[in-house]
Amino acid sequence: MCFVRGMLTSEFFSRHPLACAIDLVGCELVWEHCRGVVVETEGYTALGDEACHTFLRRGAQRFVDDHPPGTAYIYLNYGIHWLLNVLIKGGGMDGFVLVRAVEPMAGLPFMRERRKLPKAEQLCSGPGKLTQAFGIPATFHGSSLCRDARKAFDVGAPERMARAVVCDVRIGISRAAELPWRFLEAGSAFVSRRPTAAANPAQSRAAAFARFGLTP
């Protein structure tokens with residue numbers, strides 16, 4: 001996919017969930033005064049994926065049916081952390097992308113105040129941490145991430161979009177945990193967890209696409 005600087009539109013999210021999960025790495029999450037580079041994501045498919053909410057929750061499937069691609073899907077994990085996901089619809093498979101970690105770039109004073117931590121590497125190194133650091137509320141659930149440039153994703157700088165990606169198993173789940181659908185920016189110190197022993201070596205974005213039979 002050709003990347004031109006600017007806010008990601010619904011077209012970006014109208015592809016296969018794994019394609020979006022790979023291509024979101026290197027893009028920038030913008031939320032009012034805060035901004036950061038996405039360094040870790042996970043892909044989930046609405047069909048055949050036991051770890052996806054749609055596998056057991058009818059409400060999640062209704063959400064997929066009733067909302068356009070690029071909609072925020074925010075849920076409470078273990079009764080503690082709100083997690084930011086993006087609805088994906090296209091490429092023959094609907095699903096979600098979970099934003100797992102972000103490298104802070106702007107608004108660090110706000111993030112440090114919310115997280116009560118000084119180190120930048122610890123501010124957004126997890127899906128619950130980054131929603132707290134950015135101040136993303138649960139009430140944004142069901143809202144579009146493609147309408148307001150102050151609450152959206154931007155295409156990342158060319159040098160970030162060109163960095164290698166590591167394909168690894170998903171973490172923090174008990175079902176379908178063996179699927180290598182976690183994607184990390186190679187060498188990033190801001191990820192939620194370093195690559196596991198099961199991870200593939202760092203490869204180009206195109207090679208990651210080819211691994212899953214996808215077209216960039």
# chains A, B, ... in the order shown; residues from 1 in each chain; ligands from 1

call {"tool": "residues_around", "arguments": {"residues": "Glu178 of chain A", "least_positions_apart": "4", "cutoff": "9 Å", "atoms": "only C-alpha atoms", "output": "list in words"}}
result
Asp168, Val169, Arg170, Ile171 and Ala198 of chain A

call {"tool": "write_last_selection", "arguments": {"atoms": "C-alpha atoms", "output": "tab-separated table (two decimals), in the first residue's frame"}}
result
chain	number	residue	atom	x	y	z
A	168	ASP	CA	5.41	-13.27	16.92
A	169	VAL	CA	2.74	-15.21	18.81
A	170	ARG	CA	-0.02	-13.23	20.51
A	171	ILE	CA	0.24	-12.83	24.27
A	198	ALA	CA	8.80	-18.45	18.68

call {"tool": "residues_around", "arguments": {"residues": "segment 150-155 of chain A", "least_positions_apart": "2", "cutoff": "8 Å", "atoms": "only C-alpha atoms", "output": "ChimeraX atom specification"}}
result
/A:3-8,26-32,145-148,157

call {"tool": "residues_around", "arguments": {"residues": "Phe209 of chain A", "least_positions_apart": "3", "cutoff": "12 Å", "atoms": "only C-alpha atoms", "output": "list of chain:residue names"}}
result
A:Met1, A:His16, A:Pro17, A:Leu18, A:Ala19, A:Cys20, A:Ala21, A:Ile22, A:Asp23, A:Ala164, A:Val165, A:Val166, A:Cys167, A:Trp181, A:Phe183, A:Gln203, A:Ser204, A:Arg205, A:Ala206, A:Phe212, A:Gly213, A:Leu214, A:Thr215, A:Pro216

call {"tool": "write_last_selection", "arguments": {"atoms": "N, CA and C atoms", "output": "JSON list (two decimals), in the first residue's frame"}}
result
[["chain", "number", "residue", "atom", "x", "y", "z"],
["A", 1, "MET", "N", 0.85, -1.19, 0.00],
["A", 1, "MET", "CA", 0.00, 0.00, 0.00],
["A", 1, "MET", "C", 0.89, 1.24, 0.00],
["A", 16, "HIS", "N", -7.63, -6.84, 4.91],
["A", 16, "HIS", "CA", -7.54, -7.98, 5.83],
["A", 16, "HIS", "C", -6.99, -7.51, 7.17],
["A", 17, "PRO", "N", -7.50, -8.03, 8.31],
["A", 17, "PRO", "CA", -7.02, -7.59, 9.62],
["A", 17, "PRO", "C", -5.51, -7.73, 9.81],
["A", 18, "LEU", "N", -4.91, -8.78, 9.27],
["A", 18, "LEU", "CA", -3.47, -8.95, 9.43],
["A", 18, "LEU", "C", -2.70, -7.91, 8.61],
["A", 19, "ALA", "N", -3.23, -7.55, 7.45],
["A", 19, "ALA", "CA", -2.59, -6.50, 6.65],
["A", 19, "ALA", "C", -2.58, -5.18, 7.42],
["A", 20, "CYS", "N", -3.70, -4.86, 8.04],
["A", 20, "CYS", "CA", -3.77, -3.62, 8.82],
["A", 20, "CYS", "C", -2.89, -3.69, 10.05],
["A", 21, "ALA", "N", -2.83, -4.86, 10.69],
["A", 21, "ALA", "CA", -2.00, -5.00, 11.88],
["A", 21, "ALA", "C", -0.53, -4.78, 11.55],
["A", 22, "ILE", "N", -0.10, -5.28, 10.39],
["A", 22, "ILE", "CA", 1.29, -5.08, 9.96],
["A", 22, "ILE", "C", 1.53, -3.62, 9.62],
["A", 23, "ASP", "N", 0.62, -3.04, 8.84],
["A", 23, "ASP", "CA", 0.84, -1.68, 8.34],
["A", 23, "ASP", "C", 0.63, -0.59, 9.39],
["A", 164, "ALA", "N", 11.97, -2.87, 9.67],
["A", 164, "ALA", "CA", 11.60, -4.28, 9.64],
["A", 164, "ALA", "C", 10.57, -4.58, 10.73],
["A", 165, "VAL", "N", 9.81, -5.65, 10.49],
["A", 165, "VAL", "CA", 8.74, -6.06, 11.40],
["A", 165, "VAL", "C", 9.02, -7.49, 11.87],
["A", 166, "VAL", "N", 8.76, -7.76, 13.13],
["A", 166, "VAL", "CA", 8.88, -9.10, 13.69],
["A", 166, "VAL", "C", 7.48, -9.69, 13.86],
["A", 167, "CYS", "N", 7.28, -10.91, 13.37],
["A", 167, "CYS", "CA", 6.01, -11.63, 13.54],
["A", 167, "CYS", "C", 6.17, -12.58, 14.73],
["A", 181, "TRP", "N", 0.36, -13.70, 15.18],
["A", 181, "TRP", "CA", -0.34, -12.51, 14.71],
["A", 181, "TRP", "C", -0.05, -11.29, 15.57],
["A", 183, "PHE", "N", 2.68, -8.22, 15.91],
["A", 183, "PHE", "CA", 3.66, -7.59, 15.03],
["A", 183, "PHE", "C", 4.37, -6.46, 15.77],
["A", 203, "GLN", "N", 11.91, -8.96, 9.44],
["A", 203, "GLN", "CA", 11.81, -9.01, 7.99],
["A", 203, "GLN", "C", 11.12, -7.75, 7.48],
["A", 204, "SER", "N", 11.19, -7.54, 6.19],
["A", 204, "SER", "CA", 10.55, -6.37, 5.61],
["A", 204, "SER", "C", 9.04, -6.49, 5.70],
["A", 205, "ARG", "N", 8.37, -5.37, 5.56],
["A", 205, "ARG", "CA", 6.91, -5.35, 5.58],
["A", 205, "ARG", "C", 6.35, -6.25, 4.46],
["A", 206, "ALA", "N", 6.98, -6.19, 3.29],
["A", 206, "ALA", "CA", 6.54, -7.01, 2.17],
["A", 206, "ALA", "C", 6.68, -8.49, 2.47],
["A", 212, "PHE", "N", 1.79, -14.41, 5.13],
["A", 212, "PHE", "CA", 0.38, -14.71, 5.36],
["A", 212, "PHE", "C", -0.43, -14.71, 4.07],
["A", 213, "GLY", "N", 0.25, -14.72, 2.94],
["A", 213, "GLY", "CA", -0.43, -14.76, 1.67],
["A", 213, "GLY", "C", -1.19, -13.50, 1.35],
["A", 214, "LEU", "N", -0.70, -12.36, 1.83],
["A", 214, "LEU", "CA", -1.37, -11.09, 1.63],
["A", 214, "LEU", "C", -0.64, -10.26, 0.59],
["A", 215, "THR", "N", -1.36, -9.33, -0.02],
["A", 215, "THR", "CA", -0.78, -8.41, -0.99],
["A", 215, "THR", "C", -0.65, -7.03, -0.37],
["A", 216, "PRO", "N", 0.54, -6.44, -0.39],
["A", 216, "PRO", "CA", 0.71, -5.10, 0.20],
["A", 216, "PRO", "C", -0.20, -4.06, -0.47]]

call {"tool": "residues_around", "arguments": {"residues": "segment 106-118 of chain A", "least_positions_apart": "3", "cutoff": "8 Å", "atoms": "only C-alpha atoms", "output": "PyMOL selection string"}}
result
chain A and resi 33-36+122-123+129+132-135

call {"tool": "closest_residue", "arguments": {"among": "A:Gly90, A:Gly142, A:Gly95, A:Pro68", "to": "Cys52 of chain A", "atoms": "only C-alpha atoms"}}
result
A:Gly95

call {"tool": "closest_residue", "arguments": {"among": "A:Ile74, A:Ala46, A:Leu184, A:Cys124", "to": "Gln61 of chain A", "atoms": "only C-alpha atoms"}}
result
A:Ala46

call {"tool": "select_by_dssp", "arguments": {"residues": "chain A", "states": "alpha helix (DSSP H)", "output": "JSON, numbers by chain"}}
result
{"A": [17, 18, 19, 20, 21, 22, 23, 24, 58, 59, 60, 61, 62, 63, 64, 65, 66, 108, 109, 110, 111, 112, 113, 114, 115, 127, 128, 129, 130, 131, 132, 133, 134, 158, 159, 160, 161, 205, 206, 207, 208, 209, 210, 211]}

call {"tool": "write_last_selection", "arguments": {"atoms": "N, CA and C atoms", "output": "compact mmCIF listing (two decimals), in the first residue's frame"}}
result
# COMPACT_ATOMS: atom_id res chain seq x y z
N PRO A 17 -7.50 -8.03 8.31
CA PRO A 17 -7.02 -7.59 9.62
C PRO A 17 -5.51 -7.73 9.81
N LEU A 18 -4.91 -8.78 9.27
CA LEU A 18 -3.47 -8.95 9.43
C LEU A 18 -2.70 -7.91 8.61
N ALA A 19 -3.23 -7.55 7.45
CA ALA A 19 -2.59 -6.50 6.65
C ALA A 19 -2.58 -5.18 7.42
N CYS A 20 -3.70 -4.86 8.04
CA CYS A 20 -3.77 -3.62 8.82
C CYS A 20 -2.89 -3.69 10.05
N ALA A 21 -2.83 -4.86 10.69
CA ALA A 21 -2.00 -5.00 11.88
C ALA A 21 -0.53 -4.78 11.55
N ILE A 22 -0.10 -5.28 10.39
CA ILE A 22 1.29 -5.08 9.96
C ILE A 22 1.53 -3.62 9.62
N ASP A 23 0.62 -3.04 8.84
CA ASP A 23 0.84 -1.68 8.34
C ASP A 23 0.63 -0.59 9.39
N LEU A 24 -0.05 -0.91 10.49
CA LEU A 24 -0.18 0.09 11.55
C LEU A 24 1.13 0.30 12.30
N ARG A 58 -22.03 -12.35 21.12
CA ARG A 58 -22.91 -11.90 20.04
C ARG A 58 -22.86 -10.39 19.88
N GLY A 59 -22.67 -9.69 21.00
CA GLY A 59 -22.59 -8.24 20.93
C GLY A 59 -21.42 -7.77 20.09
N ALA A 60 -20.31 -8.51 20.15
CA ALA A 60 -19.15 -8.15 19.35
C ALA A 60 -19.43 -8.34 17.87
N GLN A 61 -20.14 -9.41 17.52
CA GLN A 61 -20.48 -9.63 16.12
C GLN A 61 -21.45 -8.57 15.63
N ARG A 62 -22.38 -8.16 16.48
CA ARG A 62 -23.30 -7.08 16.09
C ARG A 62 -22.53 -5.78 15.87
N PHE A 63 -21.51 -5.57 16.70
CA PHE A 63 -20.68 -4.37 16.54
C PHE A 63 -20.02 -4.38 15.17
N VAL A 64 -19.49 -5.52 14.76
CA VAL A 64 -18.86 -5.64 13.45
C VAL A 64 -19.87 -5.35 12.35
N ASP A 65 -21.07 -5.92 12.49
CA ASP A 65 -22.10 -5.75 11.46
C ASP A 65 -22.59 -4.30 11.35
N ASP A 66 -22.63 -3.61 12.49
CA ASP A 66 -23.29 -2.30 12.54
C ASP A 66 -22.36 -1.10 12.35
N LEU A 108 4.38 14.14 26.37
CA LEU A 108 4.92 13.32 27.46
C LEU A 108 4.59 13.86 28.85
N PRO A 109 4.54 15.17 29.07
CA PRO A 109 4.15 15.64 30.40
C PRO A 109 2.75 15.17 30.81
N PHE A 110 1.82 15.16 29.86
CA PHE A 110 0.47 14.66 30.15
C PHE A 110 0.52 13.16 30.47
N MET A 111 1.30 12.42 29.69
CA MET A 111 1.40 10.99 29.89
C MET A 111 2.02 10.66 31.24
N ARG A 112 3.06 11.38 31.60
CA ARG A 112 3.74 11.14 32.88
C ARG A 112 2.82 11.45 34.06
N GLU A 113 2.01 12.48 33.92
CA GLU A 113 1.07 12.83 34.98
C GLU A 113 0.01 11.74 35.14
N ARG A 114 -0.46 11.21 34.03
CA ARG A 114 -1.51 10.18 34.10
C ARG A 114 -0.96 8.84 34.59
N ARG A 115 0.27 8.52 34.20
CA ARG A 115 0.85 7.22 34.53
C ARG A 115 1.69 7.26 35.80
N PRO A 127 -1.16 -2.35 26.14
CA PRO A 127 -2.42 -1.79 25.64
C PRO A 127 -3.22 -1.00 26.67
N GLY A 128 -3.17 -1.43 27.93
CA GLY A 128 -3.85 -0.68 28.98
C GLY A 128 -3.09 0.57 29.38
N LYS A 129 -1.78 0.48 29.34
CA LYS A 129 -0.93 1.63 29.68
C LYS A 129 -1.12 2.77 28.70
N LEU A 130 -1.19 2.43 27.41
CA LEU A 130 -1.24 3.51 26.42
C LEU A 130 -2.58 4.24 26.43
N THR A 131 -3.69 3.54 26.70
CA THR A 131 -4.97 4.25 26.78
C THR A 131 -4.98 5.17 28.00
N GLN A 132 -4.35 4.74 29.09
CA GLN A 132 -4.26 5.58 30.28
C GLN A 132 -3.36 6.78 30.00
N ALA A 133 -2.20 6.53 29.39
CA ALA A 133 -1.25 7.61 29.12
C ALA A 133 -1.82 8.65 28.16
N PHE A 134 -2.52 8.19 27.13
CA PHE A 134 -3.10 9.10 26.15
C PHE A 134 -4.40 9.74 26.63
N PRO A 158 8.49 8.26 6.79
CA PRO A 158 8.98 7.21 5.87
C PRO A 158 10.00 6.28 6.50
N GLU A 159 10.90 6.82 7.32
CA GLU A 159 11.93 5.96 7.91
C GLU A 159 11.34 4.97 8.91
N ARG A 160 10.23 5.33 9.56
CA ARG A 160 9.58 4.40 10.49
C ARG A 160 8.77 3.35 9.73
N MET A 161 8.13 3.77 8.64
CA MET A 161 7.34 2.83 7.86
C MET A 161 8.22 1.82 7.12
N ARG A 205 8.37 -5.37 5.56
CA ARG A 205 6.91 -5.35 5.58
C ARG A 205 6.35 -6.25 4.46
N ALA A 206 6.98 -6.19 3.29
CA ALA A 206 6.54 -7.01 2.17
C ALA A 206 6.68 -8.49 2.47
N ALA A 207 7.78 -8.87 3.15
CA ALA A 207 7.99 -10.27 3.49
C ALA A 207 6.96 -10.73 4.52
N ALA A 208 6.60 -9.85 5.44
CA ALA A 208 5.58 -10.19 6.43
C ALA A 208 4.23 -10.43 5.74
N PHE A 209 3.92 -9.61 4.77
CA PHE A 209 2.69 -9.80 4.00
C PHE A 209 2.71 -11.16 3.30
N ALA A 210 3.83 -11.46 2.67
CA ALA A 210 3.95 -12.70 1.91
C ALA A 210 3.80 -13.93 2.82
N ARG A 211 4.26 -13.81 4.05
CA ARG A 211 4.17 -14.93 5.00
C ARG A 211 2.72 -15.35 5.21

call {"tool": "residues_around", "arguments": {"residues": "Val191 of chain A", "least_positions_apart": "3", "cutoff": "7 Å", "atoms": "only C-alpha atoms", "output": "VMD selection string"}}
result
chain A and resid 39 to 40 101 125 188 194

call {"tool": "select_by_dssp", "arguments": {"residues": "segment 39-205 of chain A", "states": "strand (DSSP E)", "output": "PyMOL selection string"}}
result
chain A and resi 39-45+72-77+81-90+93-106+151-154+165-168+182-185

call {"tool": "atom_distance", "arguments": {"atom1": "atom CA of Thr196 of chain A", "atom2": "atom CA of Ser174 of chain A"}}
result
16.0 Å

call {"tool": "residues_around", "arguments": {"residues": "Ile88 of chain A", "least_positions_apart": "6", "cutoff": "7 Å", "atoms": "only C-alpha atoms", "output": "VMD selection string"}}
result
chain A and resid 13 to 15 17 69 to 70 94 to 96

call {"tool": "write_last_selection", "arguments": {"atoms": "C-alpha atoms", "output": "short mmCIF file (atom, residue, chain, number, x, y, z; two decimals), in the first residue's frame"}}
result
data_model
loop_
_atom_site.label_atom_id
_atom_site.label_comp_id
_atom_site.auth_asym_id
_atom_site.auth_seq_id
_atom_site.Cartn_x
_atom_site.Cartn_y
_atom_site.Cartn_z
CA PHE A 13 -8.97 -0.25 7.47
CA SER A 14 -10.92 -1.88 4.61
CA ARG A 15 -8.40 -4.69 4.19
CA PRO A 17 -7.02 -7.59 9.62
CA PRO A 69 -14.09 0.11 9.21
CA GLY A 70 -11.93 2.41 11.30
CA ASP A 94 -13.48 -8.79 9.12
CA GLY A 95 -11.77 -8.42 12.47
CA PHE A 96 -9.89 -6.13 14.81
#
